[in-house]
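Visitor: Sharing a structure here in structure tokens format.
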Amino acid sequence: MSEGFYSDARLYDRLFPAREAAVDFYRAEADRQGGSVLELGCGTGNKLIPIASDGHPCVGLELSPAMLAEARRKAGERGVELDWVLGDMREFDLGRTFDLVIIAANSLLHLHEAPDLVDCFRSVRRHLAPGGRLVFDVFNPSVQMLAQADGVRRRRDALSFVDPDRGVVHVDVAETYDAAAQVTRGRWYFSTESEADVVVAPLEIRSIFPQELPLLLSLGGLRLVERFGDWSGRPFTGDAAVQLCVCESD
Ligand SMILES: C[S@@+](CC[C@H](N)C(=O)[O-])C[C@H]1O[C@@H](n2cnc3c(N)ncnc32)[C@H](O)[C@@H]1O
């Protein structure tokens with residue numbers, strides 16, 4: 001239910017420009033591991049293109065044709081070579097293994113059902129070379145944050161951005177939290193100075209709670225070996241904003 005959100009890839013990149021700390025973290029992980037890298041839900045390549053430019057053979061797998069086309073365009077523009085695959089991270093077979101698999105920027109949270117997450121982890125495991133690792137980041141769902149998803153449409157001033165074609169774009173979000181599904185269901189409204197709601201897109205994001213995360217991984221044949229709470233590598237604690245997870249085959 002979030003495909004529409006990714007149908008305008010340039011809008012996505014302006015809304016969520018690459019965060020340097022996150023890009024640096026994944027680049028360092030690729031260097032620490034050495035060798036080839038597969039990113040699942042690679043979007044427009046904000047992490048993978050810099051990793052490929054460091055000399056790692058890279059493959060990006062992505063569900064949205066629009067995001068993949070933009071990734072291909074950006075890589076071509078920068079003269080960086082890597083392979084792009086249209087596919088679903090729940091079930092894929094690339095016929096080879098990788099030293100590192102990454103799933104960056106909450107991409108994993110587009111899988112809402114527990115069996116989908118387990119299928120994804122099983123697919124990752126089949127693609128890990130001996131000694132290979134899976135590294136991913138998902139947000140840490142705090143009760144305060146989830147309680148704010150009360151259905152009211154609110155302006156997010158911090159997310160306003162300038163679009164060369166449209167001028168200043170303001171962003172409003174209305175979210176509700178479905179506690180049974182552990183899914184935050186949002187509608188994102190993009191408005192220019194002259195026109196309200198030029199783009200309206202749904203975005204539905206699951207929460208993975210800290211205690212369930214290692215259990216889901218283990219059902220997929222993976223083991224959580226490290227969990228950081230920020231991009232500098234601080235150990236994960238309850239008040240951390242993110243869960244940065246490093247996993248190996250069981
Ligand atoms: C929040 S974006 C992150 C993009 C990129 N990883 C980054 O760091 O900028 C999430 C991406 O996951 C993709 N995605 C969602 N479900 C997917 C699936 N089942 N298989 C592959 N990609 C998926 C979306 O199309 C989107 O490009």
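By order in the structure tokens, chains are A, B, ...; within a chain, residues start at 1; ligands start at 1, following the order shown.
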Residues within 7 Å of range 229-245 of chain A, please, as a PyMOL selection string. Count only C-alpha atoms; anything in the same chain fewer than 6 positions from it doesn't count.
Guide: chain A and resi 21-22+25+135-140
Visitor: Sort by chain and increasing residue number a table of all residues of chain A within 9 Å of ligand 1, each with its closest pair of atoms and their distance in Å to one decimal, counting only C-alpha atoms and all ligand atoms, and write it as JSON lines.
Guide:
```
{"residue": "A:Ser2", "atom": "CA", "partner": "ligand 1", "partner_atom_place_in_ligand_line": "15 (C)", "distance": 7.5}
{"residue": "A:Glu3", "atom": "CA", "partner": "ligand 1", "partner_atom_place_in_ligand_line": "25 (O)", "distance": 6.4}
{"residue": "A:Phe5", "atom": "CA", "partner": "ligand 1", "partner_atom_place_in_ligand_line": "25 (O)", "distance": 8.2}
{"residue": "A:Tyr6", "atom": "CA", "partner": "ligand 1", "partner_atom_place_in_ligand_line": "25 (O)", "distance": 5.6}
{"residue": "A:Ser7", "atom": "CA", "partner": "ligand 1", "partner_atom_place_in_ligand_line": "25 (O)", "distance": 8.3}
{"residue": "A:Ala9", "atom": "CA", "partner": "ligand 1", "partner_atom_place_in_ligand_line": "27 (O)", "distance": 8.3}
{"residue": "A:Tyr12", "atom": "CA", "partner": "ligand 1", "partner_atom_place_in_ligand_line": "2 (S)", "distance": 8.4}
{"residue": "A:Asp13", "atom": "CA", "partner": "ligand 1", "partner_atom_place_in_ligand_line": "9 (O)", "distance": 7.9}
{"residue": "A:Phe16", "atom": "CA", "partner": "ligand 1", "partner_atom_place_in_ligand_line": "9 (O)", "distance": 7.6}
{"residue": "A:Pro17", "atom": "CA", "partner": "ligand 1", "partner_atom_place_in_ligand_line": "9 (O)", "distance": 8.1}
{"residue": "A:Ala18", "atom": "CA", "partner": "ligand 1", "partner_atom_place_in_ligand_line": "9 (O)", "distance": 6.6}
{"residue": "A:Arg19", "atom": "CA", "partner": "ligand 1", "partner_atom_place_in_ligand_line": "8 (O)", "distance": 8.8}
{"residue": "A:Ala22", "atom": "CA", "partner": "ligand 1", "partner_atom_place_in_ligand_line": "8 (O)", "distance": 8.3}
{"residue": "A:Val23", "atom": "CA", "partner": "ligand 1", "partner_atom_place_in_ligand_line": "8 (O)", "distance": 8.1}
{"residue": "A:Glu39", "atom": "CA", "partner": "ligand 1", "partner_atom_place_in_ligand_line": "6 (N)", "distance": 7.3}
{"residue": "A:Leu40", "atom": "CA", "partner": "ligand 1", "partner_atom_place_in_ligand_line": "21 (C)", "distance": 5.7}
{"residue": "A:Gly41", "atom": "CA", "partner": "ligand 1", "partner_atom_place_in_ligand_line": "22 (N)", "distance": 3.5}
{"residue": "A:Cys42", "atom": "CA", "partner": "ligand 1", "partner_atom_place_in_ligand_line": "6 (N)", "distance": 4.1}
{"residue": "A:Gly43", "atom": "CA", "partner": "ligand 1", "partner_atom_place_in_ligand_line": "27 (O)", "distance": 3.5}
{"residue": "A:Thr44", "atom": "CA", "partner": "ligand 1", "partner_atom_place_in_ligand_line": "9 (O)", "distance": 6.3}
{"residue": "A:Gly45", "atom": "CA", "partner": "ligand 1", "partner_atom_place_in_ligand_line": "5 (C)", "distance": 6.3}
{"residue": "A:Asn46", "atom": "CA", "partner": "ligand 1", "partner_atom_place_in_ligand_line": "9 (O)", "distance": 5.0}
{"residue": "A:Lys47", "atom": "CA", "partner": "ligand 1", "partner_atom_place_in_ligand_line": "8 (O)", "distance": 5.7}
{"residue": "A:Leu48", "atom": "CA", "partner": "ligand 1", "partner_atom_place_in_ligand_line": "8 (O)", "distance": 8.2}
{"residue": "A:Leu61", "atom": "CA", "partner": "ligand 1", "partner_atom_place_in_ligand_line": "21 (C)", "distance": 6.1}
{"residue": "A:Glu62", "atom": "CA", "partner": "ligand 1", "partner_atom_place_in_ligand_line": "22 (N)", "distance": 4.1}
{"residue": "A:Leu63", "atom": "CA", "partner": "ligand 1", "partner_atom_place_in_ligand_line": "22 (N)", "distance": 4.1}
{"residue": "A:Ser64", "atom": "CA", "partner": "ligand 1", "partner_atom_place_in_ligand_line": "25 (O)", "distance": 4.5}
{"residue": "A:Pro65", "atom": "CA", "partner": "ligand 1", "partner_atom_place_in_ligand_line": "25 (O)", "distance": 8.1}
{"residue": "A:Ala66", "atom": "CA", "partner": "ligand 1", "partner_atom_place_in_ligand_line": "25 (O)", "distance": 8.4}
{"residue": "A:Met67", "atom": "CA", "partner": "ligand 1", "partner_atom_place_in_ligand_line": "27 (O)", "distance": 5.7}
{"residue": "A:Leu68", "atom": "CA", "partner": "ligand 1", "partner_atom_place_in_ligand_line": "27 (O)", "distance": 7.8}
{"residue": "A:Leu86", "atom": "CA", "partner": "ligand 1", "partner_atom_place_in_ligand_line": "21 (C)", "distance": 7.8}
{"residue": "A:Gly87", "atom": "CA", "partner": "ligand 1", "partner_atom_place_in_ligand_line": "21 (C)", "distance": 5.9}
{"residue": "A:Asp88", "atom": "CA", "partner": "ligand 1", "partner_atom_place_in_ligand_line": "20 (N)", "distance": 3.5}
{"residue": "A:Met89", "atom": "CA", "partner": "ligand 1", "partner_atom_place_in_ligand_line": "20 (N)", "distance": 3.8}
{"residue": "A:Arg90", "atom": "CA", "partner": "ligand 1", "partner_atom_place_in_ligand_line": "19 (N)", "distance": 5.8}
{"residue": "A:Glu91", "atom": "CA", "partner": "ligand 1", "partner_atom_place_in_ligand_line": "20 (N)", "distance": 8.4}
{"residue": "A:Ile102", "atom": "CA", "partner": "ligand 1", "partner_atom_place_in_ligand_line": "6 (N)", "distance": 8.4}
{"residue": "A:Ile103", "atom": "CA", "partner": "ligand 1", "partner_atom_place_in_ligand_line": "6 (N)", "distance": 6.1}
{"residue": "A:Ala104", "atom": "CA", "partner": "ligand 1", "partner_atom_place_in_ligand_line": "6 (N)", "distance": 4.3}
{"residue": "A:Ala105", "atom": "CA", "partner": "ligand 1", "partner_atom_place_in_ligand_line": "8 (O)", "distance": 4.5}
{"residue": "A:Asn106", "atom": "CA", "partner": "ligand 1", "partner_atom_place_in_ligand_line": "1 (C)", "distance": 5.5}
{"residue": "A:Ser107", "atom": "CA", "partner": "ligand 1", "partner_atom_place_in_ligand_line": "10 (C)", "distance": 4.0}
{"residue": "A:Leu108", "atom": "CA", "partner": "ligand 1", "partner_atom_place_in_ligand_line": "12 (O)", "distance": 7.1}
{"residue": "A:Leu109", "atom": "CA", "partner": "ligand 1", "partner_atom_place_in_ligand_line": "16 (N)", "distance": 8.0}
{"residue": "A:His110", "atom": "CA", "partner": "ligand 1", "partner_atom_place_in_ligand_line": "16 (N)", "distance": 5.0}
{"residue": "A:Leu111", "atom": "CA", "partner": "ligand 1", "partner_atom_place_in_ligand_line": "19 (N)", "distance": 6.4}
{"residue": "A:Asp116", "atom": "CA", "partner": "ligand 1", "partner_atom_place_in_ligand_line": "19 (N)", "distance": 8.7}
{"residue": "A:Cys120", "atom": "CA", "partner": "ligand 1", "partner_atom_place_in_ligand_line": "19 (N)", "distance": 8.6}
```
Visitor: If we count only C-alpha atoms, what is near Arg206 in chain A at a cut-off of 6 Å, once residues fewer than 4 positions away on the same chain are taken out, given as a PyMOL selection string?
Guide: chain A and resi 109+112+182-183
Visitor: Using CA of Gln33 in chain A and CA of Asp99 in chain A as the two end points, give the distance in Å to one decimal.
Guide: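 Going from CA of Gln33 in chain A over to CA of Asp99 in chain A, I get 6.7 Å.
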Visitor: As number ranges by chain, list the residues of range 16-249 of chain A assigned to helix (DSSP H, G or I) by DSSP on the backbone atoms of this structure.
Guide: A: 20-33, 48-53, 65-78, 107-110, 114-126, 143-147, 157-159, 213-219
Visitor: If I take CA of Ala174 in chain A and CA of Arg156 in chain A, how far is one from the other in Å, to one decimal?
Guide: 10.2 Å
Visitor: Record the distance separating CA of His127 in chain A and CA of Arg78 in chain A, expressed in Å with one decimal.
Guide: 27.9 Å
Visitor: Could you check which of A:Gly76, A:Val59, A:Ala114, A:Ala129 is closest to Glu212 in chain A, using only C-alpha atoms?
Guide: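 Of A:Gly76, A:Val59, A:Ala114, A:Ala129, the one nearest Glu212 in chain A, counting only C-alpha atoms, is A:Ala114.
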Visitor: I'd like to know which of A:Arg154, A:Arg96, A:Arg10, A:Lys74 is closest to Val37 in chain A, using only C-alpha atoms.
Guide: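 Nearest to Val37 in chain A: A:Arg96.
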Visitor: Could you pull out the residues in range 18-220 of chain A that DSSP calls strand (DSSP E or B) from the backbone, as an NGL selection string?
Guide: :A and (37-40 or 58-62 or 83-86 or 88 or 91 or 98-103 or 128-139 or 150 or 154-155 or 161-163 or 167-178 or 183-192 or 199-206)
Visitor: Calculated over only C-alpha atoms, which of the candidates A:Glu195, A:Ile51, A:Ala158, A:Pro141 has the smallest distance to Gln211 in chain A?
Guide: A:Pro141
Visitor: Tell me which of A:Gly186, A:Leu11, A:Pro214, A:Arg125 sits closest to Val198 in chain A, counting only C-alpha atoms.
Guide: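 Looking at the shortest contact to Val198 in chain A, the residue is A:Leu11.
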Visitor: Given only C-alpha atoms as the basis, pick out the residue of A:Ser123, A:Arg185, A:Val118, A:Ser249 nearest to Asp150 in chain A.
Guide: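 So, comparing all the options, the nearest one is A:Arg185.
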Visitor: Which of these, A:Ser218, A:Ser36, A:Thr192, A:Ser207, has the shortest distance to Val143 in chain A once you count only C-alpha atoms?
Guide: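 With only C-alpha atoms as the atom set, the closest residue is A:Ser207.
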